[in-house]
Number of protein chains: 2
Amino acid sequence: MKQSRRDFMKVSSLLALAPMAAGFGMSAFRGTAMASTSGAGSEAVKAGANEYFKKSPMASGRPFDYSMARRWAPNADLSDFASVFPQIPGGIAQDKLLKLAEEEMGQWMAKTQKSDEMQKRGMKHMPWGVFGCYQKDWETPHLLFAERCMGNKLWDVDGNEYIDLNFGDTPDMYGHGPENPAVKACAKRMLEDGISPMMGNEDQLVVAELLAENFGQPYWMHAMTASDANRYVLAIARHHTGRPNVAIPNCTYHGTIDETQKMMPEPGVIARWHDLGIYHGEVDQGTKIFNWNDLEGLEELLKDRTVAIVMMEPVMSNFGWAWPKPGWHEGVRALCKKYGTLLCYDETHTISGGPAGMIGELDLKGKSDFWTCGKAISSGIPGAVYGMSEAVAKKLQKDQGEIGFLTGAGLGFLGNALCGNTLSTLALRVTLEEVLTEKTFAKINKNVAYMKSEMERVNKKYKAPYRIETMGNRLCYHFIPEQAFEPLGGLIQVGFGGLFEFSHAYLWNRGFLLMPYFNMVIVAPQHTKADTDKFIAAWDDIVRITMNG
Amino acid sequence: MKQSRRDFMKVSSLLALAPMAAGFGMSAFRGTAMASTSGAGSEAVKAGANEYFKKSPMASGRPFDYSMARRWAPNADLSDFASVFPQIPGGIAQDKLLKLAEEEMGQWMAKTQKSDEMQKRGMKHMPWGVFGCYQKDWETPHLLFAERCMGNKLWDVDGNEYIDLNFGDTPDMYGHGPENPAVKACAKRMLEDGISPMMGNEDQLVVAELLAENFGQPYWMHAMTASDANRYVLAIARHHTGRPNVAIPNCTYHGTIDETQKMMPEPGVIARWHDLGIYHGEVDQGTKIFNWNDLEGLEELLKDRTVAIVMMEPVMSNFGWAWPKPGWHEGVRALCKKYGTLLCYDETHTISGGPAGMIGELDLKGKSDFWTCGKAISSGIPGAVYGMSEAVAKKLQKDQGEIGFLTGAGLGFLGNALCGNTLSTLALRVTLEEVLTEKTFAKINKNVAYMKSEMERVNKKYKAPYRIETMGNRLCYHFIPEQAFEPLGGLIQVGFGGLFEFSHAYLWNRGFLLMPYFNMVIVAPQHTKADTDKFIAAWDDIVRITMNG
């Protein structure tokens, strides 16, 4: 039985989520693939011209392993944030917590009135009053407007000062502004040179050499965004293998690409994330979906040899983190080899892991056919890269060369980073040479270790079964003691349904800019001990309150 | 009968194109949709997993009007550059001209040996030795590497100085470097502020207001590239109408988007531009193709009410320019209205037309549902915009709001310009306030008018039936006297098969950086009278030589 948006609103209000659904917006899956599965509906459902939800052999039929999720949220259902609220012994009641979250949010909104006015002014000429989708993803009652940001700080237009732990959702993760040498170098370049020669330059030769040395792939190309880098990799893989399909883990994210903006709300069902009818093609066209850490399920999907490429992150980082179980990466590699499927690691979010990202930390360097990265790898200057194996590069070069002019960037080959290219590649060069270094990470790792141990001390103090995890300069707090290896567990650990909402509203209201999507803190080289201690004190409050302390 | 790459090579060599096909690369359509039509083959042809060429009702069945093309190249065939060489009375023979082109190219290559070495070094870690596709689109025997560019000039790594008439393929069309106030403002901003706050700011409010005033659409959003802006418009249009298809004119270009990288090599046949198997989905999925200036053909395609949106340029500018015939734009608008189809003008290449682009010049302001632009509108800093009607914006905002979190930028709505957002939007603001002004265009228009009248004087002097056309600060030289209104005529006017190759090699070798794709000159505010006179002298040589003077 399909559940309409309106029906889901009713369910939400039954679960005492109505205030959040109306105000916060983040607690509701109204009209999403998840909402549609509530009530076990699984017939085809239309969104615009195409179905957005249907049974399909493109989705793994294997049962999900939700045993860990069930321990902490017995009635957890991917369709309903309220149901994924973790049941913590001694923890605060959900309705009480949602009320506190609402109060904190109300206070923050009250002291950001100029932002409110600016959003209202913006509504005259921009949907939601902002210029881009991602600026609205805070999903706060009114959106925030920035005056400026620098180093470790951000100031909003009302003059509120924040310790930034978000950094634009990672691109500026090595600090805002010219304290990052890559940004400083780019400003100097812009004053001295033009930035769009439409030719190669020496920086680019050096960058390709550094990338090869640092991340293992022998051949490299440049794109403007991480989404584009992934898009081009999928395209090259289809050409290389002559196969139509790509495969991704369930609940993964690889950018704004039609083929990867899909999920599997239940075994054997493939769906868009929502029913907004924006897509090109049928929901089960070109994409297979498997469960993270399920080798048998992956093998089922690869067996027919129609899958050109498996695309995944070294650690899945979409709802909190889902870690690879021992043997997972080796197994995926072996299966790809067995069935002639290529493999790509998307490191855009996990580059935080260390000087060579998580492939460096997990010993995966040079063990895939492609590697992609965007955002932070150019210190927030727009740009992205994709590396590929020699076999892929040689065939690509040969076939394109034989076809000639009409596979040019303009007419049907891949895209290109045409504007500001030398700016983007200079940022890459300086980031690789001066930012992504052992020295930078030595400092960061020390700060991160201190923050982690202090937060763990706080957890112990209040007997909170919470978990602190780190990935280089990214630190996550999770509201269950067990590490997550699958996406429903991932949702539960984030504390959706109350803990997530409260901790975010609390931190935002008290001057910490936490990432709006999940519980992630970025530790930049510019963060001081005073910043860290201030954050730890706030964490102490959060744990005390949520543990009824 | 399908023609293989190898077969087409044979045809090319029969036509004395072998040297060009081997060296220049631009004279051959080996392995392209065009090549496949040579010999009138039109059965389905596979590229990778999917057909890349097939008969389909998605392509207009209406005959092409090639009457003008036939006058100047009687055997012209979209599949063969050699055949589109215009037959000019008194003009030089094709084989002789190709030999001269080869000599000029050889000289240029000889004095750019350091570029050659750098490309060879680059080959170790980059396909073709360069970091991006578009850097290889010069298709010269070796590619060029830039030392720097500034104002009106570019210097390559061998120390050769060029008057730049290309400006990175338009993004820097108002001059390289900080002589453009938008670039200067961005450098200053980078030294004083961070650039990725993930929030709105005041620049963005001002930009949206300026865009609405200048280009007519009431609502605006931001993207990182022009391709993305177009991609999001297609997506929003599908959602708004609930229809699966988009429609584009034949031989148009709207970026690296699956749905628009298609063409119609003959009536009723739809094809990719080439047989590299990179694409997602079947060739005739989601795209209808009509002939530019053919209202009856367009109506045939719109009649079934499955077309969400028609996307086109105000003046088609892909192979030379194909102009709108009187009544074309009014007719398209009326048909879109009749069949409930939305309309988008892509102004990325035609923004040169004036302070309000070609929609300003052609009185099309506010007469479409969408308008998109990238590249030059942010003075070459990565960024693009898309404007939309109130009806579209309101529905989008309402539906996304009802669905909630899972249509966020991260999880399945549109993409976003996340990195360097405030840099990109500052560039937009300053470009709109200080660059795209009547004052800038008064200066540019004066220079362009002088260049045009001098080039026309030269044409007259040698009795050359050549044509000079302008679109604001873009000037094209065309090798037939008639204005083109369709793409085969467009190819012929460009002089492919000899005149194109010779004029480019000649100008490049003599210190003028002409756009590699076609005969376009950009006149920047920084170009001096000496630059212009030097160029006119070179044009005198070209006309004299090609007219056997």
# chains A, B, ... in the order shown; residues from 1 in each chain; ligands from 1
call {"tool": "residues_around", "arguments": {"residues": "Val246 of chain A", "least_positions_apart": "5", "cutoff": "10 Å", "atoms": "only C-alpha atoms", "output": "PyMOL selection string"}}
result
(chain A and resi 234-235+237-238+259-260+285-289+302+306-311+341-343) or (chain B and resi 280)
call {"tool": "residues_around", "arguments": {"residues": "Asn214 of chain B", "least_positions_apart": "2", "cutoff": "10 Å", "atoms": "only C-alpha atoms", "output": "count of residues only"}}
result
15
call {"tool": "residues_around", "arguments": {"residues": "Gln261 of chain A", "least_positions_apart": "2", "cutoff": "9 Å", "atoms": "only C-alpha atoms", "output": "number ranges by chain"}}
result
A: 252-259, 263, 271-273; B: 411-413
call {"tool": "write_last_selection", "arguments": {"atoms": "N, CA and C atoms", "output": "mmCIF file, in the first residue's frame"}}
result
data_model
loop_
_atom_site.group_PDB
_atom_site.id
_atom_site.type_symbol
_atom_site.label_atom_id
_atom_site.label_comp_id
_atom_site.auth_asym_id
_atom_site.auth_seq_id
_atom_site.Cartn_x
_atom_site.Cartn_y
_atom_site.Cartn_z
ATOM 1 N N THR A 252 24.427 4.806 -0.389
ATOM 2 C CA THR A 252 25.686 5.505 -0.628
ATOM 3 C C THR A 252 25.407 6.838 -1.312
ATOM 4 N N TYR A 253 26.421 7.674 -1.419
ATOM 5 C CA TYR A 253 26.278 8.956 -2.102
ATOM 6 C C TYR A 253 27.518 9.228 -2.945
ATOM 7 N N HIS A 254 27.317 9.524 -4.216
ATOM 8 C CA HIS A 254 28.445 9.854 -5.090
ATOM 9 C C HIS A 254 28.172 11.101 -5.921
ATOM 10 N N GLY A 255 27.334 11.966 -5.413
ATOM 11 C CA GLY A 255 27.094 13.220 -6.113
ATOM 12 C C GLY A 255 25.793 13.219 -6.869
ATOM 13 N N THR A 256 25.616 14.264 -7.663
ATOM 14 C CA THR A 256 24.341 14.494 -8.332
ATOM 15 C C THR A 256 24.283 13.779 -9.674
ATOM 16 N N ILE A 257 24.394 12.462 -9.620
ATOM 17 C CA ILE A 257 24.430 11.653 -10.834
ATOM 18 C C ILE A 257 23.192 10.775 -10.854
ATOM 19 N N ASP A 258 22.482 10.809 -11.956
ATOM 20 C CA ASP A 258 21.266 10.015 -12.103
ATOM 21 C C ASP A 258 21.481 8.562 -11.655
ATOM 22 N N GLU A 259 22.567 7.951 -12.136
ATOM 23 C CA GLU A 259 22.774 6.517 -11.886
ATOM 24 C C GLU A 259 23.071 6.190 -10.428
ATOM 25 N N MET A 263 18.375 4.109 -4.192
ATOM 26 C CA MET A 263 18.578 3.324 -2.979
ATOM 27 C C MET A 263 17.717 2.062 -3.022
ATOM 28 N N ALA A 271 14.703 2.230 -5.698
ATOM 29 C CA ALA A 271 13.909 3.454 -5.579
ATOM 30 C C ALA A 271 14.799 4.675 -5.741
ATOM 31 N N ARG A 272 14.183 5.787 -6.166
ATOM 32 C CA ARG A 272 14.847 7.080 -6.021
ATOM 33 C C ARG A 272 14.809 7.455 -4.552
ATOM 34 N N TRP A 273 15.571 8.454 -4.168
ATOM 35 C CA TRP A 273 15.531 8.915 -2.785
ATOM 36 C C TRP A 273 14.191 9.583 -2.454
ATOM 37 N N LEU B 411 21.174 14.302 -1.177
ATOM 38 C CA LEU B 411 20.577 12.976 -1.323
ATOM 39 C C LEU B 411 19.672 12.778 -2.505
ATOM 40 N N GLY B 412 19.589 13.712 -3.398
ATOM 41 C CA GLY B 412 18.764 13.369 -4.530
ATOM 42 C C GLY B 412 18.017 14.505 -5.179
ATOM 43 N N PHE B 413 18.119 15.673 -4.650
ATOM 44 C CA PHE B 413 17.542 16.798 -5.373
ATOM 45 C C PHE B 413 18.566 17.200 -6.422
#
call {"tool": "atom_distance", "arguments": {"atom1": "atom CA of Ala187 of chain A", "atom2": "atom CA of Leu154 of chain A"}}
result
20.1 Å
call {"tool": "atom_distance", "arguments": {"atom1": "atom CA of His527 of chain B", "atom2": "atom CA of Ile444 of chain B"}}
result
9.0 Å
call {"tool": "closest_residue", "arguments": {"among": "B:Thr440, B:Lys452, B:Phe215, B:Leu414", "to": "Ile359 of chain B", "atoms": "only C-alpha atoms"}}
result
B:Phe215
call {"tool": "select_by_dssp", "arguments": {"residues": "segment 306-403 of chain B", "states": "strand (DSSP E or B)", "output": "list in words"}}
result
Val307, Ala308, Ile309, Val310, Met311, Met312, Met316, Ala322, Leu342, Leu343, Cys344, Tyr345, Asp346, Phe370, Trp371, Thr372, Cys373, Gly374, Ala384, Val385, Tyr386, Gly387 and Met388 of chain B
call {"tool": "residues_around", "arguments": {"residues": "Thr431 of chain B", "least_positions_apart": "2", "cutoff": "8 Å", "atoms": "only C-alpha atoms", "output": "number ranges by chain"}}
result
B: 181-182, 377-379, 427-429, 433-436
call {"tool": "write_last_selection", "arguments": {"atoms": "C-alpha atoms", "output": "compact mmCIF listing (two decimals), in the first residue's frame"}}
result
# COMPACT_ATOMS: atom_id res chain seq x y z
CA PRO B 181 37.40 43.98 -11.93
CA ALA B 182 35.54 40.78 -11.07
CA ILE B 377 28.94 35.62 -16.79
CA SER B 378 31.28 35.07 -13.82
CA SER B 379 34.30 36.44 -15.72
CA ALA B 427 32.50 37.23 -9.48
CA LEU B 428 28.93 37.18 -10.76
CA ARG B 429 28.05 40.33 -8.84
CA GLU B 433 27.70 45.53 -11.91
CA GLU B 434 30.93 46.57 -13.61
CA VAL B 435 31.63 44.44 -16.69
CA LEU B 436 28.37 43.66 -18.48
call {"tool": "residues_around", "arguments": {"residues": "segment 485-495 of chain A", "least_positions_apart": "4", "cutoff": "9 Å", "atoms": "only C-alpha atoms", "output": "MDAnalysis selection string"}}
result
chainID A and resid 64:70 72:73 76:78 81 83:86 250:252 291:293 316:325 466:467 476:481 499:501 518:519
call {"tool": "write_last_selection", "arguments": {"atoms": "C-alpha atoms", "output": "CSV table (one decimal), in the first residue's frame"}}
result
chain,number,residue,atom,x,y,z
A,64,PHE,CA,19.4,-7.1,5.1
A,65,ASP,CA,21.3,-7.8,8.3
A,66,TYR,CA,19.7,-5.4,10.7
A,67,SER,CA,20.5,-7.5,13.9
A,68,MET,CA,22.6,-4.7,15.4
A,69,ALA,CA,20.0,-2.0,14.5
A,70,ARG,CA,17.3,-4.1,16.2
A,72,TRP,CA,19.1,-0.5,19.8
A,73,ALA,CA,15.8,0.4,18.0
A,76,ALA,CA,13.5,0.7,13.4
A,77,ASP,CA,12.2,1.3,10.0
A,78,LEU,CA,14.1,3.0,7.2
A,81,PHE,CA,13.1,8.9,11.6
A,83,SER,CA,11.5,4.8,14.8
A,84,VAL,CA,15.2,5.0,14.6
A,85,PHE,CA,15.6,6.8,17.9
A,86,PRO,CA,18.0,4.7,19.9
A,250,ASN,CA,22.8,0.7,-0.6
A,251,CYS,CA,22.5,4.2,0.9
A,252,THR,CA,25.7,5.5,-0.6
A,291,ASN,CA,24.3,-4.3,0.6
A,292,TRP,CA,27.6,-3.0,2.1
A,293,ASN,CA,29.6,-5.9,3.6
A,316,MET,CA,30.7,4.4,3.7
A,317,SER,CA,30.0,7.8,5.1
A,318,ASN,CA,26.5,8.8,4.3
A,319,PHE,CA,24.5,8.3,7.5
A,320,GLY,CA,27.2,8.4,10.1
A,321,TRP,CA,29.7,5.8,9.0
A,322,ALA,CA,29.3,2.2,8.0
A,323,TRP,CA,32.7,0.5,8.3
A,324,PRO,CA,34.1,-2.3,6.1
A,325,LYS,CA,34.1,-5.7,7.8
A,466,TYR,CA,27.9,6.7,23.2
A,467,ARG,CA,30.8,6.2,20.8
A,476,CYS,CA,31.8,11.7,14.7
A,477,TYR,CA,29.8,11.2,17.9
A,478,HIS,CA,27.4,8.3,17.8
A,479,PHE,CA,24.6,7.5,20.2
A,480,ILE,CA,25.0,3.7,20.4
A,481,PRO,CA,28.1,1.8,21.7
A,499,LEU,CA,19.3,13.0,19.8
A,500,PHE,CA,20.5,14.2,16.4
A,501,GLU,CA,18.0,17.2,16.4
A,518,PHE,CA,25.1,14.3,10.6
A,519,ASN,CA,27.2,14.3,13.7
call {"tool": "atom_distance", "arguments": {"atom1": "atom CA of Glu139 of chain A", "atom2": "atom CA of Ile545 of chain A"}}
result
23.7 Å
call {"tool": "select_by_dssp", "arguments": {"residues": "segment 347-442 of chain B", "states": "alpha helix (DSSP H)", "output": "ChimeraX atom specification"}}
result
/B:357-361,390-403,421-430,438-442
call {"tool": "residues_around", "arguments": {"residues": "Trp108 of chain A", "least_positions_apart": "2", "cutoff": "8 Å", "atoms": "only C-alpha atoms", "output": "PyMOL selection string"}}
result
chain A and resi 104-106+110-112+505+508-509
call {"tool": "closest_residue", "arguments": {"among": "A:Glu117, A:Asp531, A:Glu456, A:Glu192", "to": "chain B", "atoms": "only C-alpha atoms"}}
result
A:Glu192
call {"tool": "closest_residue", "arguments": {"among": "A:Gly281, A:Ile381, A:Ala185, A:Ala101", "to": "Gly420 of chain B", "atoms": "only C-alpha atoms"}}
result
A:Ile381
call {"tool": "closest_residue", "arguments": {"among": "B:Ile248, B:Met221, B:Val269, B:Leu295", "to": "chain A", "atoms": "only C-alpha atoms"}}
result
B:Met221
call {"tool": "residues_around", "arguments": {"residues": "Thr372 of chain A", "least_positions_apart": "6", "cutoff": "8 Å", "atoms": "only C-alpha atoms", "output": "ChimeraX atom specification"}}
result
/A:226,229-230,344-348,384-387
call {"tool": "write_last_selection", "arguments": {"atoms": "N, CA, C and O atoms", "output": "tab-separated table (two decimals), in the first residue's frame"}}
result
chain	number	residue	atom	x	y	z
A	226	ALA	N	33.35	17.02	-7.83
A	226	ALA	CA	33.45	15.60	-7.52
A	226	ALA	C	32.36	14.81	-8.24
A	226	ALA	O	32.60	13.70	-8.72
A	229	ALA	N	33.67	14.22	-11.67
A	229	ALA	CA	34.73	13.21	-11.69
A	229	ALA	C	34.10	11.81	-11.66
A	229	ALA	O	34.45	10.94	-12.46
A	230	ASN	N	33.13	11.61	-10.79
A	230	ASN	CA	32.45	10.30	-10.73
A	230	ASN	C	31.67	10.01	-12.00
A	230	ASN	O	31.66	8.89	-12.50
A	344	CYS	N	35.99	1.45	-8.48
A	344	CYS	CA	36.38	2.83	-8.18
A	344	CYS	C	36.16	3.14	-6.72
A	344	CYS	O	35.09	2.87	-6.17
A	345	TYR	N	37.17	3.73	-6.06
A	345	TYR	CA	36.98	4.30	-4.74
A	345	TYR	C	36.74	5.80	-4.88
A	345	TYR	O	37.56	6.50	-5.48
A	346	ASP	N	35.65	6.26	-4.30
A	346	ASP	CA	35.36	7.70	-4.25
A	346	ASP	C	35.82	8.19	-2.88
A	346	ASP	O	35.25	7.82	-1.85
A	347	GLU	N	36.84	9.03	-2.88
A	347	GLU	CA	37.47	9.45	-1.62
A	347	GLU	C	37.08	10.88	-1.23
A	347	GLU	O	37.66	11.47	-0.30
A	348	THR	N	36.07	11.43	-1.89
A	348	THR	CA	35.75	12.85	-1.65
A	348	THR	C	35.48	13.15	-0.18
A	348	THR	O	35.91	14.18	0.33
A	384	ALA	N	38.23	18.90	-9.04
A	384	ALA	CA	38.20	17.49	-8.65
A	384	ALA	C	39.13	16.73	-9.57
A	384	ALA	O	39.52	17.23	-10.63
A	385	VAL	N	39.50	15.51	-9.15
A	385	VAL	CA	40.38	14.69	-9.99
A	385	VAL	C	39.86	13.26	-10.07
A	385	VAL	O	39.15	12.80	-9.19
A	386	TYR	N	40.22	12.60	-11.17
A	386	TYR	CA	39.97	11.16	-11.24
A	386	TYR	C	41.20	10.48	-11.80
A	386	TYR	O	41.75	10.88	-12.82
A	387	GLY	N	41.64	9.44	-11.07
A	387	GLY	CA	42.79	8.66	-11.49
A	387	GLY	C	42.32	7.35	-12.07
A	387	GLY	O	41.24	6.86	-11.72
call {"tool": "closest_residue", "arguments": {"among": "A:Gln94, A:Thr425, A:Ser352, A:Asn160", "to": "chain B", "atoms": "only C-alpha atoms"}}
result
A:Thr425
call {"tool": "closest_residue", "arguments": {"among": "A:Gly151, A:Gly177, A:Gly159, A:Pro525", "to": "chain B", "atoms": "only C-alpha atoms"}}
result
A:Gly177
